[in-house]
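Structure file start-v1.cif; described as mmCIF, C-alpha atoms.
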data_entry
loop_
_atom_site.label_atom_id
_atom_site.label_comp_id
_atom_site.auth_asym_id
_atom_site.auth_seq_id
_atom_site.Cartn_x
_atom_site.Cartn_y
_atom_site.Cartn_z
CA MET A 1 42.75 96.96 35.02
CA THR A 2 40.61 94.00 34.04
CA THR A 3 36.85 94.50 33.97
CA MET A 4 34.54 91.82 35.25
CA ASP A 5 31.76 90.41 33.08
CA THR A 6 29.29 89.86 35.87
CA HIS A 7 28.19 91.90 38.86
CA MET A 8 30.37 91.36 41.90
CA GLU A 9 28.95 90.71 45.33
CA LEU A 10 30.71 91.78 48.53
CA ASP A 11 31.05 88.16 49.62
CA ASP A 12 32.84 87.32 46.35
CA PHE A 13 35.68 89.46 47.61
CA LYS A 14 36.22 87.49 50.78
CA ALA A 15 38.44 84.95 48.96
CA ALA A 16 40.50 87.80 47.50
CA TRP A 17 40.75 89.35 50.95
CA GLN A 18 42.04 86.07 52.37
CA ALA A 19 44.70 86.00 49.62
CA LEU A 20 45.79 89.50 50.61
CA ASP A 21 45.79 88.32 54.18
CA ALA A 22 48.25 85.55 53.33
CA ARG A 23 50.57 87.96 51.54
CA LEU A 24 50.54 90.38 54.44
CA ALA A 25 51.20 87.53 56.87
CA ARG A 26 54.38 86.67 54.97
CA GLN A 27 55.60 90.24 55.42
CA ASP A 28 54.50 90.44 59.04
CA ALA A 29 57.49 88.66 60.53
CA VAL A 30 59.92 91.20 59.09
CA GLN A 31 57.75 94.21 59.86
CA LEU A 32 56.97 93.10 63.39
CA GLU A 33 60.62 93.63 64.34
CA LEU A 34 60.34 97.15 62.96
CA LEU A 35 57.28 97.84 65.12
CA ARG A 36 58.92 96.64 68.30
CA GLY A 37 61.96 98.84 67.87
CA GLN A 38 60.18 102.08 67.19
CA LYS A 39 56.92 102.04 69.08
CA GLN A 40 58.09 103.61 72.31
CA VAL A 41 60.26 106.21 70.60
CA GLN A 42 57.36 107.27 68.39
CA ALA A 43 54.86 107.49 71.24
CA ARG A 44 57.21 109.78 73.12
CA ARG A 45 57.95 111.88 70.01
CA ASN A 46 54.25 112.41 69.22
CA LEU A 47 53.53 113.57 72.73
CA ARG A 48 56.67 115.66 73.02
CA SER A 49 55.94 117.93 70.04
CA LEU A 50 52.44 118.70 71.33
CA HIS A 51 53.67 119.28 74.87
CA ILE A 52 56.49 121.57 73.75
CA GLY A 53 54.19 123.65 71.53
CA MET A 54 51.54 124.13 74.19
CA ALA A 55 54.10 124.69 76.98
CA LEU A 56 55.68 127.47 74.90
CA GLN A 57 52.27 129.03 74.29
CA ALA A 58 51.48 128.90 78.02
CA LEU A 59 54.89 130.44 78.86
CA LEU A 60 54.32 133.20 76.32
CA GLY A 61 50.90 133.77 77.90
CA LEU A 62 52.46 134.01 81.34
CA GLY A 63 54.95 136.55 80.03
CA LEU A 64 52.14 138.60 78.51
CA VAL A 65 50.16 138.52 81.76
CA LEU A 66 53.18 139.73 83.76
CA LEU A 67 53.90 142.47 81.23
CA GLY A 68 50.23 143.49 81.09
CA VAL A 69 49.80 143.60 84.87
CA GLY A 70 53.05 145.58 85.25
CA CYS A 71 51.91 148.04 82.59
CA TRP A 72 48.35 148.72 83.81
CA ARG A 73 49.31 148.87 87.49
CA ASN A 74 51.99 151.44 86.63
CA ASN A 75 49.70 153.60 84.55
CA LEU A 76 46.29 153.79 86.18
CA ASP A 77 46.17 157.48 85.23
CA VAL A 78 47.29 157.14 81.59
CA PRO A 79 44.35 155.80 79.52
CA GLY A 80 46.42 154.59 76.54
CA LEU A 81 48.93 152.65 78.63
CA LEU A 82 46.19 151.37 80.94
CA ALA A 83 44.31 150.01 77.89
CA ALA A 84 47.50 148.45 76.48
CA GLY A 85 48.19 146.77 79.83
CA ILE A 86 44.67 145.35 80.08
CA ALA A 87 44.84 144.11 76.46
CA LEU A 88 48.14 142.33 77.15
CA HIS A 89 46.77 140.84 80.36
CA ALA A 90 43.68 139.49 78.54
CA PHE A 91 45.74 138.24 75.57
CA GLY A 92 48.04 136.39 77.96
CA ILE A 93 45.12 134.70 79.71
CA LEU A 94 43.76 133.67 76.29
CA HIS A 95 47.13 132.03 75.43
CA ILE A 96 47.22 130.13 78.72
CA ALA A 97 43.56 129.07 78.51
CA PHE A 98 43.86 127.70 74.96
CA ALA A 99 47.13 125.93 75.78
CA GLY A 100 45.40 124.28 78.74
CA ILE A 101 42.28 123.29 76.79
CA VAL A 102 44.21 121.84 73.82
CA THR A 103 46.61 119.95 76.09
CA GLY A 104 43.79 118.63 78.25
CA LEU A 105 41.78 117.43 75.26
CA ALA A 106 44.80 115.85 73.58
CA LEU A 107 45.96 114.09 76.74
CA ASN A 108 42.51 112.69 77.41
CA LEU A 109 42.19 111.19 73.94
CA ASP A 110 41.67 107.48 74.49
CA TYR A 111 42.34 105.79 71.17
CA ALA A 112 40.79 102.60 72.53
CA ALA A 113 37.36 104.30 72.62
CA PRO A 114 34.81 103.53 69.86
CA VAL A 115 35.83 104.95 66.49
CA LEU A 116 32.90 107.34 66.12
CA ALA A 117 33.35 108.73 69.65
CA ILE A 118 37.06 109.39 69.25
CA GLN A 119 36.65 110.90 65.79
CA LYS A 120 34.06 113.32 67.22
CA ARG A 121 36.53 114.21 69.96
CA LEU A 122 39.22 114.82 67.34
CA ARG A 123 36.81 117.05 65.41
CA LEU A 124 36.32 119.12 68.58
CA LEU A 125 40.10 119.28 69.09
CA LEU A 126 40.63 120.42 65.51
CA ARG A 127 38.01 123.16 65.85
CA ILE A 128 39.60 124.39 69.07
CA GLN A 129 43.02 124.36 67.41
CA VAL A 130 41.64 126.44 64.53
CA LEU A 131 40.11 128.85 67.05
CA ASN A 132 43.42 128.92 68.95
CA SER A 133 45.40 129.89 65.85
CA ASN A 134 42.83 132.54 64.91
CA LEU A 135 42.55 134.10 68.37
CA CYS A 136 46.13 133.69 69.63
CA GLY A 137 48.06 133.69 66.35
CA ALA A 138 46.53 136.21 63.95
CA PRO A 139 46.25 139.09 66.50
CA TRP A 140 50.07 139.18 66.69
CA TRP A 141 49.85 141.41 63.59
CA VAL A 142 48.67 144.08 66.10
CA MET A 143 49.80 142.76 69.46
CA TRP A 144 53.53 143.17 68.80
CA VAL A 145 52.91 146.92 68.80
CA VAL A 146 50.97 146.59 72.08
CA VAL A 147 53.90 144.61 73.55
CA VAL A 148 56.26 147.47 72.64
CA ILE A 149 53.80 149.92 74.28
CA GLY A 150 53.60 147.59 77.31
CA PHE A 151 57.39 147.67 77.78
CA ALA A 152 57.32 151.46 77.42
CA GLY A 153 54.65 151.51 80.12
CA LEU A 154 56.97 149.73 82.57
CA SER A 155 59.44 152.58 82.45
CA PRO A 156 59.13 155.09 85.30
CA VAL A 157 60.05 157.84 82.86
CA ARG A 158 57.01 159.28 81.03
CA VAL A 159 57.53 160.45 77.46
CA ALA A 160 55.68 163.69 76.93
CA GLY A 161 53.75 164.48 73.76
CA PRO A 162 51.32 162.69 71.49
CA THR A 163 51.52 158.97 70.50
CA PRO A 164 54.28 158.53 67.87
CA THR A 165 53.03 158.26 64.27
CA TRP A 166 54.82 154.96 63.66
CA ILE A 167 52.57 153.32 66.29
CA TRP A 168 49.38 154.42 64.49
CA ILE A 169 50.80 153.31 61.13
CA SER A 170 51.89 149.93 62.56
CA LEU A 171 48.48 149.44 64.19
CA ALA A 172 46.70 150.22 60.92
CA ILE A 173 48.91 147.83 58.92
CA GLY A 174 48.49 145.22 61.66
CA MET A 175 44.70 145.51 61.58
CA LEU A 176 44.71 145.01 57.81
CA GLY A 177 47.02 142.00 58.15
CA MET A 178 44.91 140.47 60.91
CA VAL A 179 41.65 140.83 58.97
CA ALA A 180 43.33 139.42 55.84
CA THR A 181 44.63 136.43 57.87
CA TRP A 182 41.16 135.76 59.28
CA TRP A 183 39.68 136.02 55.79
CA TRP A 184 42.24 133.56 54.44
CA ALA A 185 41.57 131.17 57.33
CA ALA A 186 37.77 131.40 56.81
CA ARG A 187 38.29 130.67 53.11
CA GLY A 188 40.08 127.48 54.04
CA THR A 189 37.10 126.15 55.98
CA ARG A 190 34.62 126.54 53.13
CA GLY A 191 33.40 123.57 51.16
CA PRO A 192 35.66 122.07 48.48
CA ARG A 193 33.39 123.43 45.71
CA ASP A 194 33.70 127.02 46.89
CA PRO A 195 35.75 128.95 44.30
CA LEU A 196 37.73 130.71 47.05
CA ALA A 197 38.54 127.40 48.68
CA ARG A 198 39.94 126.11 45.39
CA MET A 199 42.54 128.85 45.14
CA ASP A 200 45.31 126.71 46.61
CA ASP A 201 46.61 123.31 45.49
CA GLY A 202 44.20 121.20 47.52
CA ALA A 203 46.79 120.39 50.18
CA ASP A 204 45.14 122.62 52.76
CA GLY A 205 45.08 120.55 55.92
CA ILE A 206 42.17 122.19 57.65
CA ARG A 207 39.85 122.03 54.67
CA ARG A 208 40.70 118.38 54.03
CA SER A 209 40.14 117.63 57.71
CA LEU A 210 36.75 119.29 57.68
CA ARG A 211 35.84 117.38 54.53
CA LEU A 212 36.66 114.17 56.38
CA TYR A 213 34.47 115.32 59.23
CA ASP A 214 31.64 115.86 56.76
CA ASP A 215 32.08 112.15 56.02
CA LEU A 216 31.79 111.49 59.74
CA GLU A 217 28.48 113.34 59.90
CA ARG A 218 27.21 111.53 56.82
CA PHE A 219 28.22 108.16 58.31
CA GLU A 220 26.31 108.99 61.51
CA ARG A 221 23.24 110.18 59.61
CA GLU A 222 22.87 107.32 57.14
CA MET B 223 41.10 90.23 90.44
CA GLN B 224 43.31 91.97 87.89
CA THR B 225 41.33 94.08 85.50
CA THR B 226 43.81 96.15 83.56
CA ALA B 227 47.19 95.57 81.98
CA ALA B 228 48.59 98.16 84.36
CA MET B 229 47.82 95.86 87.28
CA THR B 230 50.09 93.12 85.96
CA GLY B 231 53.67 93.23 87.18
CA HIS B 232 55.55 96.27 85.86
CA ASP B 233 58.40 94.15 84.52
CA ASP B 234 56.01 91.86 82.67
CA GLN B 235 54.33 94.63 80.73
CA PRO B 236 56.72 94.89 77.73
CA GLN B 237 56.70 91.09 77.32
CA ALA B 238 52.93 90.85 77.64
CA PHE B 239 52.49 93.67 75.14
CA ALA B 240 54.97 92.11 72.70
CA ALA B 241 53.14 88.78 72.92
CA LEU B 242 49.78 90.44 72.26
CA LEU B 243 51.21 92.43 69.36
CA GLN B 244 52.72 89.30 67.88
CA ARG B 245 49.43 87.40 68.20
CA HIS B 246 47.38 90.14 66.55
CA ALA B 247 49.97 91.78 64.28
CA GLY B 248 47.71 90.95 61.33
CA ILE B 249 45.21 93.55 62.54
CA VAL B 250 47.89 96.27 62.49
CA PHE B 251 49.10 95.39 59.00
CA LYS B 252 45.64 94.95 57.51
CA VAL B 253 44.45 98.30 58.83
CA ALA B 254 47.69 99.96 57.64
CA ASN B 255 47.24 98.37 54.23
CA THR B 256 43.64 99.54 54.00
CA TYR B 257 44.43 103.17 54.82
CA ALA B 258 47.87 103.71 53.30
CA ARG B 259 48.79 102.86 49.74
CA LEU B 260 52.50 103.64 49.47
CA PRO B 261 54.84 101.09 51.08
CA GLU B 262 56.72 103.67 53.16
CA ASP B 263 53.45 105.25 54.25
CA ARG B 264 52.11 101.83 55.23
CA ALA B 265 55.19 101.20 57.36
CA ASP B 266 54.83 104.62 59.00
CA LEU B 267 51.16 104.01 59.74
CA ALA B 268 51.84 100.53 61.16
CA GLN B 269 54.45 102.04 63.48
CA GLU B 270 52.10 104.81 64.51
CA ILE B 271 49.42 102.23 65.34
CA ALA B 272 51.90 100.18 67.37
CA ALA B 273 52.98 103.35 69.20
CA GLN B 274 49.39 104.21 70.13
CA LEU B 275 48.72 100.61 71.17
CA TRP B 276 51.68 100.86 73.52
CA ARG B 277 50.33 104.15 74.93
CA ALA B 278 46.87 102.67 75.41
CA TRP B 279 48.26 99.40 76.83
CA PRO B 280 48.26 100.42 80.54
CA LYS B 281 44.48 100.88 80.37
CA TYR B 282 43.82 97.66 78.46
CA ASP B 283 41.47 95.33 80.29
CA PRO B 284 42.60 91.72 79.68
CA LEU B 285 39.08 90.51 80.44
CA ARG B 286 37.81 92.20 77.30
CA SER B 287 38.41 91.19 73.69
CA ALA B 288 41.96 91.98 72.56
CA SER B 289 40.91 92.16 68.91
CA THR B 290 38.16 94.72 69.62
CA TRP B 291 40.65 96.85 71.56
CA MET B 292 43.26 96.59 68.79
CA TYR B 293 40.80 97.35 66.00
CA ARG B 294 39.56 100.44 67.84
CA VAL B 295 43.05 101.83 68.38
CA ALA B 296 44.25 100.88 64.89
CA LEU B 297 41.23 102.34 63.10
CA ASN B 298 41.27 105.53 65.16
CA VAL B 299 44.95 106.05 64.37
CA ALA B 300 44.46 105.17 60.69
CA ILE B 301 41.51 107.56 60.21
CA SER B 302 43.47 110.35 61.93
CA HIS B 303 46.45 109.48 59.72
CA VAL B 304 44.33 109.92 56.58
CA ARG B 305 43.35 113.36 57.89
CA GLU B 306 46.94 114.39 58.36
CA GLN B 307 48.32 113.03 55.10
CA SER B 308 49.80 115.46 52.62
CA VAL B 309 48.35 115.66 49.15
CA ARG B 310 51.33 113.64 47.89
CA LEU B 311 50.08 110.62 49.74
CA ARG B 312 46.42 110.82 48.82
CA HIS B 313 45.28 107.39 47.71
CA ASP B 314 43.98 108.64 44.38
CA ALA B 315 47.43 109.89 43.44
CA VAL B 316 48.95 106.40 43.52
CA PRO B 317 48.71 104.16 40.48
CA LEU B 318 46.89 101.07 41.66
CA ASP B 319 48.79 98.57 39.56
CA GLU B 320 52.11 99.85 40.81
CA ASP B 321 50.86 99.74 44.37
CA LEU B 322 49.49 96.25 44.07
CA HIS B 323 52.70 95.05 42.52
CA ASP B 324 54.34 95.78 45.82
CA LEU B 325 52.13 93.29 47.58
CA ALA B 326 51.94 90.83 44.72
CA ASP B 327 53.53 87.47 45.01
CA ALA B 328 53.87 86.19 41.46
CA GLY B 329 52.38 82.77 40.93
CA ALA B 330 51.01 82.54 44.45
CA THR B 331 47.44 83.32 43.44
CA ASN B 332 45.37 82.67 40.37
CA HIS B 333 44.27 85.20 37.80
CA GLU B 334 40.72 85.50 39.07
CA THR B 335 41.81 86.18 42.64
CA GLU B 336 44.26 88.74 41.29
CA ASP B 337 41.47 90.51 39.40
CA HIS B 338 39.21 90.44 42.42
CA LEU B 339 41.99 91.82 44.56
CA ARG B 340 42.58 94.72 42.18
CA LEU B 341 38.87 95.51 42.06
CA LEU B 342 38.61 95.26 45.82
CA GLN B 343 41.62 97.53 46.40
CA ALA B 344 40.24 100.07 43.94
CA PHE B 345 36.82 99.95 45.61
CA ILE B 346 38.32 100.30 49.10
CA ALA B 347 40.42 103.28 47.98
CA ARG B 348 37.29 105.07 46.79
CA GLN B 349 35.45 104.72 50.11
CA PRO B 350 35.42 107.42 52.82
CA PRO B 351 37.50 106.45 55.90
CA LEU B 352 34.60 105.25 58.09
CA ASP B 353 33.07 103.13 55.33
CA ARG B 354 36.52 101.66 54.76
CA ALA B 355 36.58 100.64 58.43
CA LEU B 356 33.20 98.95 58.09
CA LEU B 357 34.28 97.17 54.90
CA LEU B 358 37.50 95.94 56.51
CA LEU B 359 35.66 94.56 59.54
CA TYR B 360 33.07 92.87 57.34
CA LEU B 361 35.73 91.24 55.15
CA GLU B 362 37.49 90.12 58.32
CA GLU B 363 34.22 88.36 59.22
CA ARG B 364 33.90 90.07 62.57
CA PRO B 365 30.48 89.53 64.18
CA GLN B 366 28.04 92.44 63.83
CA ARG B 367 28.04 92.88 67.59
CA GLU B 368 31.82 93.39 67.57
CA ILE B 369 31.67 95.73 64.55
CA ALA B 370 29.08 97.82 66.43
CA GLU B 371 31.30 97.86 69.52
CA ILE B 372 34.38 98.89 67.54
CA LEU B 373 32.68 101.65 65.56
CA GLY B 374 30.40 102.90 68.33
CA ILE B 375 27.12 102.41 66.44
CA THR B 376 24.17 100.07 67.00
CA GLU B 377 24.01 96.53 65.59
CA SER B 378 20.99 97.41 63.46
CA ASN B 379 22.93 100.37 62.09
CA VAL B 380 25.80 98.04 61.18
CA SER B 381 23.38 95.77 59.36
CA THR B 382 21.87 98.69 57.42
CA LYS B 383 25.29 100.04 56.48
CA ILE B 384 26.52 96.65 55.31
CA GLY B 385 23.40 96.34 53.16
CA ARG B 386 24.17 99.71 51.57
CA LEU B 387 27.81 98.75 51.06
CA LYS B 388 26.72 95.57 49.23
CA GLN B 389 24.41 97.60 47.03
CA ARG B 390 27.21 100.05 46.24
CA ILE B 391 29.45 97.16 45.17
CA ARG B 392 26.69 95.80 42.91
CA ASP B 393 26.23 99.23 41.37
CA GLU B 394 29.89 100.06 40.93
CA LEU B 395 31.50 96.75 39.96
#

Written as structure tokens, how would this file's structure read?
Amino acid sequence: MTTMDTHMELDDFKAAWQALDARLARQDAVQLELLRGQKQVQARRNLRSLHIGMALQALLGLGLVLLGVGCWRNNLDVPGLLAAGIALHAFGILHIAFAGIVTGLALNLDYAAPVLAIQKRLRLLLRIQVLNSNLCGAPWWVMWVVVVIGFAGLSPVRVAGPTPTWIWISLAIGMLGMVATWWWAARGTRGPRDPLARMDDGADGIRRSLRLYDDLERFERE
Amino acid sequence: MQTTAAMTGHDDQPQAFAALLQRHAGIVFKVANTYARLPEDRADLAQEIAAQLWRAWPKYDPLRSASTWMYRVALNVAISHVREQSVRLRHDAVPLDEDLHDLADAGATNHETEDHLRLLQAFIARQPPLDRALLLLYLEERPQREIAEILGITESNVSTKIGRLKQRIRDEL
């Protein structure tokens, strides 16, 4: 790249910008056709993936609520099964609530709003999505065992004896996995200079997003 | 009185949108060019902007400035696009000369303009997304009032930020 002998001023670049403008204009005619053909398809596709994801989460939540209610109503006198039923009920509500909040926020995003306002809204959406994955995703390390217990609780036949060992072992492994997942997720949200945050290849989406939002705060402050 | 695009006849909407897009297509391509360096990424971003413009179109108020509306949508999409890009597409991973070659039109501009353009592209690529938006709007010679309206900051803030941007260019180039 050529170096300039004198200091450049921002206004010196306006002529260069106009030259770029002319080049882009020559390409516009061809690209405009491309835009027309794909715009509606893309708008639908972007919305569809979000809707499908959140609809599935809400459906899963509904299933968990039904299972949980069935389990605790059937076992008011069995503390373990009662607790499992209540846990499933609460977990299901959490799934539905987060699906509703994320969908509501995403649908109300008005890209024609001022840049700073919409970027703040996107920051909020990102934080809720991170919370959603940590509260509704990571606990599945443990909750799959509770789902199995919940189905057992629906049966009218009571199995006598203590809780099977495999359930305790699975719960212990699940707890370890859940804590490790939360630790890994927390590591991702640290600053780029944090040694733990540098353990991956730098492609971590959440960390890069948060770095961009640091830029947003700096832009507001300055 | 009609106040939004949605209040125009339903059948007229695609034509009215196409006409507006054609009139201001430069905004879409300039924003895409500022935020995406690889040709295929630029095309993707331009399409994403057009898609969001189409989504936002029913709420567009024809009594308000079309360029302000388009810049807002385009910049919001572009900044979000930067956030979602994979590491492969990060601007600093693309050789500038190779990238510029794509846009170059041999013989169409003189050597000095070419040098300026390279310096400008390199400077733009180094700026955080919001500063890039401010730089783009300044180079486009948008009035400070409109820049403030697009970005959602005060006019005096725009003036301060432009002053800082000028100083940064003096220091860096």

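Interatomic distance, atom CA of Ile391 of chain B to atom CA of His246 of chain B: 28.8 Å.
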
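Distance criterion 6 Å to chain A, applied with all atoms listed in the file, yields Gln269, Ala272, Ala273, Trp291, Arg294, Val295, Asn298, Arg305, Val309, Thr335, His338, Leu339, Leu361, Ile372, Leu373, Gly374, Lys388, Arg392 and Leu395 of chain B on chain B.
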
Next, the residues of the selection above should be written as a PDB file, keeping the file's coordinate frame with C-alpha atoms.
ATOM      1  CA  GLN B 269      54.450 102.040  63.480  1.00  0.00           C
ATOM      2  CA  ALA B 272      51.900 100.180  67.370  1.00  0.00           C
ATOM      3  CA  ALA B 273      52.980 103.350  69.200  1.00  0.00           C
ATOM      4  CA  TRP B 291      40.650  96.850  71.560  1.00  0.00           C
ATOM      5  CA  ARG B 294      39.560 100.440  67.840  1.00  0.00           C
ATOM      6  CA  VAL B 295      43.050 101.830  68.380  1.00  0.00           C
ATOM      7  CA  ASN B 298      41.270 105.530  65.160  1.00  0.00           C
ATOM      8  CA  ARG B 305      43.350 113.360  57.890  1.00  0.00           C
ATOM      9  CA  VAL B 309      48.350 115.660  49.150  1.00  0.00           C
ATOM     10  CA  THR B 335      41.810  86.180  42.640  1.00  0.00           C
ATOM     11  CA  HIS B 338      39.210  90.440  42.420  1.00  0.00           C
ATOM     12  CA  LEU B 339      41.990  91.820  44.560  1.00  0.00           C
ATOM     13  CA  LEU B 361      35.730  91.240  55.150  1.00  0.00           C
ATOM     14  CA  ILE B 372      34.380  98.890  67.540  1.00  0.00           C
ATOM     15  CA  LEU B 373      32.680 101.650  65.560  1.00  0.00           C
ATOM     16  CA  GLY B 374      30.400 102.900  68.330  1.00  0.00           C
ATOM     17  CA  LYS B 388      26.720  95.570  49.230  1.00  0.00           C
ATOM     18  CA  ARG B 392      26.690  95.800  42.910  1.00  0.00           C
ATOM     19  CA  LEU B 395      31.500  96.750  39.960  1.00  0.00           C
TER      20      LEU B 395
END

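Using the PyMOL selection byres ((chain A and resi 150-156) around 8) on the file at hand returns these residues: Leu67, Gly68, Gly70, Cys71, Trp72, Asn74, Asn75, Leu81, Ala84, Gly85, Leu88, Val146, Val147, Val148, Ile149, Val157 and Arg158 of chain A.
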
With C-alpha atoms retained, write the just-selected residues as a short mmCIF file (atom, residue, chain, number, x, y, z; two decimals), in the frame of the given file.
data_model
loop_
_atom_site.label_atom_id
_atom_site.label_comp_id
_atom_site.auth_asym_id
_atom_site.auth_seq_id
_atom_site.Cartn_x
_atom_site.Cartn_y
_atom_site.Cartn_z
CA LEU A 67 53.90 142.47 81.23
CA GLY A 68 50.23 143.49 81.09
CA GLY A 70 53.05 145.58 85.25
CA CYS A 71 51.91 148.04 82.59
CA TRP A 72 48.35 148.72 83.81
CA ASN A 74 51.99 151.44 86.63
CA ASN A 75 49.70 153.60 84.55
CA LEU A 81 48.93 152.65 78.63
CA ALA A 84 47.50 148.45 76.48
CA GLY A 85 48.19 146.77 79.83
CA LEU A 88 48.14 142.33 77.15
CA VAL A 146 50.97 146.59 72.08
CA VAL A 147 53.90 144.61 73.55
CA VAL A 148 56.26 147.47 72.64
CA ILE A 149 53.80 149.92 74.28
CA VAL A 157 60.05 157.84 82.86
CA ARG A 158 57.01 159.28 81.03
#

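Reported to one decimal place, the separation of atom CA of His89 of chain A from atom CA of Leu76 of chain A is 14.2 Å.
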
Discussion item. Can you spell out as a VMD selection string the set of residues that the PyMOL selection byres ((chain B and resi 387) around 10) selects in the structure I just provided?
Written reply: (chain A and resid 9 to 10) or (chain B and resid 349 353 to 354 356 to 357 381 to 386 388 to 393)

Worksheet item: Any chance you could work out the residue set of the PyMOL selection byres ((chain A and resi 90) around 12) here, as a PyMOL selection string?
Response: chain A and resi 61-69+72+83-89+91-97+135-136+143

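Closest approach to Pro351 of chain B from the set B:Gln366, B:Thr290, B:Thr376, B:Thr256 is made by B:Thr256, with distances taken over all atoms listed in the file.
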
Fill in: Distance query segment 99-107 of chain A at most 8 Å, all atoms listed in the file, self and fewer than 6 positions along chain excluded, as a PyMOL selection string
chain A and resi 50-51+54-55+57-58+125+128-129

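Put simply, atom CA of Gly161 of chain A is 22.8 Å away from atom CA of Ile173 of chain A.
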
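Closest approach to Pro350 of chain B among A:Leu82, A:Glu217, A:Val142, A:Ser49: A:Glu217, based on only C-alpha atoms.
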